[in-house]
Amino acid sequence: MVAHLLRLKLALLRNSLKRSPWQLVGLIFAALYGLGVLGMLLVGLGFAGSVGDAEFVGMVIVLAGSALLVGWLIIPVLASGLDMTLDPARFVTYSIPMKQLLTGLALSSFIGVPGVVTLVAAMGTAVGWWRYPGAAAAALICGALGALTCIIASRAITAASTSLASSRRFKDVSGIVVLVPLMLMGPIIAGVTSGISDFSVYLPQLATTLSWTPLGAVWGVPADIAVGAWGPAGLKLLIALATLAVLTWVWKLCLVKALVTPAFSGGGRRTAGKLGFFVRFPQTPTGAVAARCLTYWFRDPRYSAGLLIAPLIPLVMVFGGTQAAGLEAVGPILSYAGAFAAFMVAWSISADISYDNTAFALHLATGVSGKADRTGRVMAAAVLALPLGLLFAVAGSVVAGDWQILPGALGLVLGATGAGLGLASVFSSRFTMVVPLPGESPMKSKPGNNFATVLIQLSGFAGAGVLAAPVAVLIIIGAVAHLPLFFWLALVAGVGLGALYVFFGIRMGAEQYNKRGPELLQAVSVDR
């Protein structure tokens, strides 16, 4: 049965690559990236083993190994089942012995770029111990044990989140909330490191502490063997084995519960008569599309995640800018960064039809015209993007104490938003992207299918940069030459160009929509 599960994983991976050449290209790029990371890692370990003593090599490996295990614990929370090709829920109707199911699922996780890279990197830590044969041999064994621990930990936390938090709302909210510290990782790391005066003292102490915890015990065994500390090495090996055993036990319990307990499907009562956004928009096809899309922005986590991330982008940009230009740059950066936040919300509708999935059939079945569809989606995004950009523009002017920059910031917001809405209207009616299905985590990804999506996104960003460039040039001239007139010219240009981009974007997108409606429905209905 274990061999059958492994063959099944290989067959599914092979068939997924045959579906689209982009999936094969994406897998090739991921493999090349993984090989590059492995090459740098092995070279770095070999160099560290040449120039450093056992304590230094052990510190590096323990810290890196602990970070690796933390990554495997965090990623499933964000992705809510990343690469669940062999989803345990699919085996509910089969009486597979639990021991064989656990073994098959664990080993199948190594079939793929992340699993292979983790296994080779973990066992490759032996390169750092090339001057200590005993430690190198132990590193091979402990590396395999560490890689298996990463896989089991990932599976355990995924199963736990499914069985203990089966409420869809809980999973959606928790997955989105975790994005906040990730977006602010740079400022957080900078704040922590600024409080540490001497890394040469702090890092060895941290590595020593982690080596006695489940995170770093397995990586600390070879270091103790290298210096002849057999007693601590044995204790740390016991901690590593106990960690693996506990994680396996947790995974088994949660998997048993998940296989016999149906997923939460809602069923709560709803009060009749409340139409939400539908009473806020005109009773026309355009208004209905706008109300439906705006409802998605607040109730679908795939959209609401963007609403959470977009306001954080200016804050990250402010942090980066102040590191280079000082605190006096906070106001201007905050003011102009609002344009990028507004653009991110506007550009989100480039995947609107893809997010609709089979629900897009309602637009075709009811005869919604391309103009009504494009205009309604633009209205919903604009209601959110423009206030967000204007808020940052005004806040930046207040912080800077300079109201002369406000017209330029407003012009950039309007120009960037118009460019995003116009381009998204064209792109979403021409291209479809592989996105998380309705009900899935906004961070879920499928192996080998992201390359085409990345190209589309980069093309959209580049196009928006070109379209917004005239407004940015006027702002730069005004700032360099100290001529407030150019800020007002930027405002006029932003209003005019933004409206022009939206007009032509809706028009071109509507033409493509009317011609390609059935093809779009077929494309978004393939991956269900």
# chains A, B, ... in the order shown; residues from 1 in each chain; ligands from 1
>>> residues_around(residues="range 333-337 of chain A", least_positions_apart="5", cutoff="9 Å", atoms="only C-alpha atoms", output="PyMOL selection string")
chain A and resi 313-315+317-318+321-322+342+389-397+399-400+405-406+408-410+412-413
>>> residues_around(residues="range 45-53 of chain A", least_positions_apart="5", cutoff="8 Å", atoms="only C-alpha atoms", output="list in words")
Thr125, Val127, Gly128, Trp129, Trp130 and Arg131 of chain A
>>> closest_residue(among="A:Leu384, A:Leu73, A:Ala223, A:Ala481", to="Ala138 in chain A", atoms="only C-alpha atoms")
A:Ala223
>>> residues_around(residues="Ala416 in chain A", least_positions_apart="4", cutoff="8 Å", atoms="only C-alpha atoms", output="list in words")
Ala339, Phe340, Ala342, Phe343, Leu412, Gly420, Ala464, Gly465, Leu467, Ala468, Gly494 and Gly498 of chain A
>>> closest_residue(among="A:Pro285, A:Gly463, A:Gly58, A:Gly124", to="Ser369 in chain A", atoms="only C-alpha atoms")
A:Pro285
>>> atom_distance(atom1="CA of Leu497 in chain A", atom2="CA of Pro387 in chain A")
18.4 Å
>>> closest_residue(among="A:Val502, A:Leu68, A:Val473, A:Arg155", to="Leu107 in chain A", atoms="only C-alpha atoms")
A:Arg155
>>> atom_distance(atom1="CA of Met379 in chain A", atom2="CA of Ala419 in chain A")
14.0 Å
>>> closest_residue(among="A:Ala242, A:Ile477, A:Leu38, A:Ala381", to="Leu145 in chain A", atoms="only C-alpha atoms")
A:Ala242
>>> closest_residue(among="A:Gly401, A:Pro204, A:Tyr501, A:Asp300", to="Gly331 in chain A", atoms="only C-alpha atoms")
A:Gly401
>>> closest_residue(among="A:Met40, A:Leu241, A:Ala67, A:Ala372", to="Ala288 in chain A", atoms="only C-alpha atoms")
A:Ala372
>>> residues_around(residues="Asp356 in chain A", least_positions_apart="3", cutoff="8 Å", atoms="only C-alpha atoms", output="JSON, numbers by chain")
{"A": [352, 353, 359, 360, 438, 524]}
>>> residues_around(residues="Ala245 in chain A", least_positions_apart="3", cutoff="12 Å", atoms="only C-alpha atoms", output="CSV table (one decimal) with N, CA and C atoms, in the first residue's frame")
chain,number,residue,atom,x,y,z
A,145,LEU,N,16.7,12.3,9.6
A,145,LEU,CA,15.7,12.4,10.7
A,145,LEU,C,15.1,13.8,10.8
A,148,LEU,N,12.6,14.3,7.9
A,148,LEU,CA,11.4,13.6,8.2
A,148,LEU,C,10.6,14.3,9.3
A,149,THR,N,11.3,14.9,10.3
A,149,THR,CA,10.6,15.7,11.3
A,149,THR,C,9.9,16.9,10.7
A,152,ILE,N,6.8,15.5,8.9
A,152,ILE,CA,5.7,15.1,9.9
A,152,ILE,C,5.1,16.3,10.6
A,153,ALA,N,6.0,17.3,10.9
A,153,ALA,CA,5.5,18.5,11.6
A,153,ALA,C,4.5,19.3,10.7
A,156,ALA,N,1.3,17.3,10.6
A,156,ALA,CA,0.6,17.3,11.8
A,156,ALA,C,-0.1,18.6,12.0
A,214,PRO,N,13.1,21.0,20.9
A,214,PRO,CA,12.7,20.2,19.8
A,214,PRO,C,13.0,20.8,18.4
A,238,LEU,N,17.7,11.7,21.9
A,238,LEU,CA,16.5,11.2,22.5
A,238,LEU,C,15.4,12.3,22.4
A,239,ILE,N,15.8,13.6,22.6
A,239,ILE,CA,14.8,14.7,22.4
A,239,ILE,C,14.3,14.7,20.9
A,240,ALA,N,15.2,14.5,20.0
A,240,ALA,CA,14.8,14.5,18.6
A,240,ALA,C,13.9,13.3,18.3
A,241,LEU,N,14.2,12.2,18.8
A,241,LEU,CA,13.3,11.0,18.5
A,241,LEU,C,12.0,11.2,19.2
A,242,ALA,N,12.0,11.7,20.4
A,242,ALA,CA,10.7,12.0,21.2
A,242,ALA,C,9.9,13.0,20.4
A,248,THR,N,4.2,12.6,15.3
A,248,THR,CA,3.6,11.5,14.6
A,248,THR,C,2.3,11.1,15.3
A,249,TRP,N,2.3,11.0,16.6
A,249,TRP,CA,1.1,10.7,17.4
A,249,TRP,C,0.0,11.8,17.2
A,250,VAL,N,0.4,13.1,17.3
A,250,VAL,CA,-0.5,14.1,17.0
A,250,VAL,C,-1.1,14.0,15.6
A,251,TRP,N,-0.3,13.8,14.7
A,251,TRP,CA,-0.8,13.7,13.3
A,251,TRP,C,-1.8,12.5,13.2
A,252,LYS,N,-1.4,11.4,13.8
A,252,LYS,CA,-2.3,10.2,13.7
A,252,LYS,C,-3.7,10.5,14.4
>>> atom_distance(atom1="CA of Ser66 in chain A", atom2="CA of Val256 in chain A")
28.7 Å
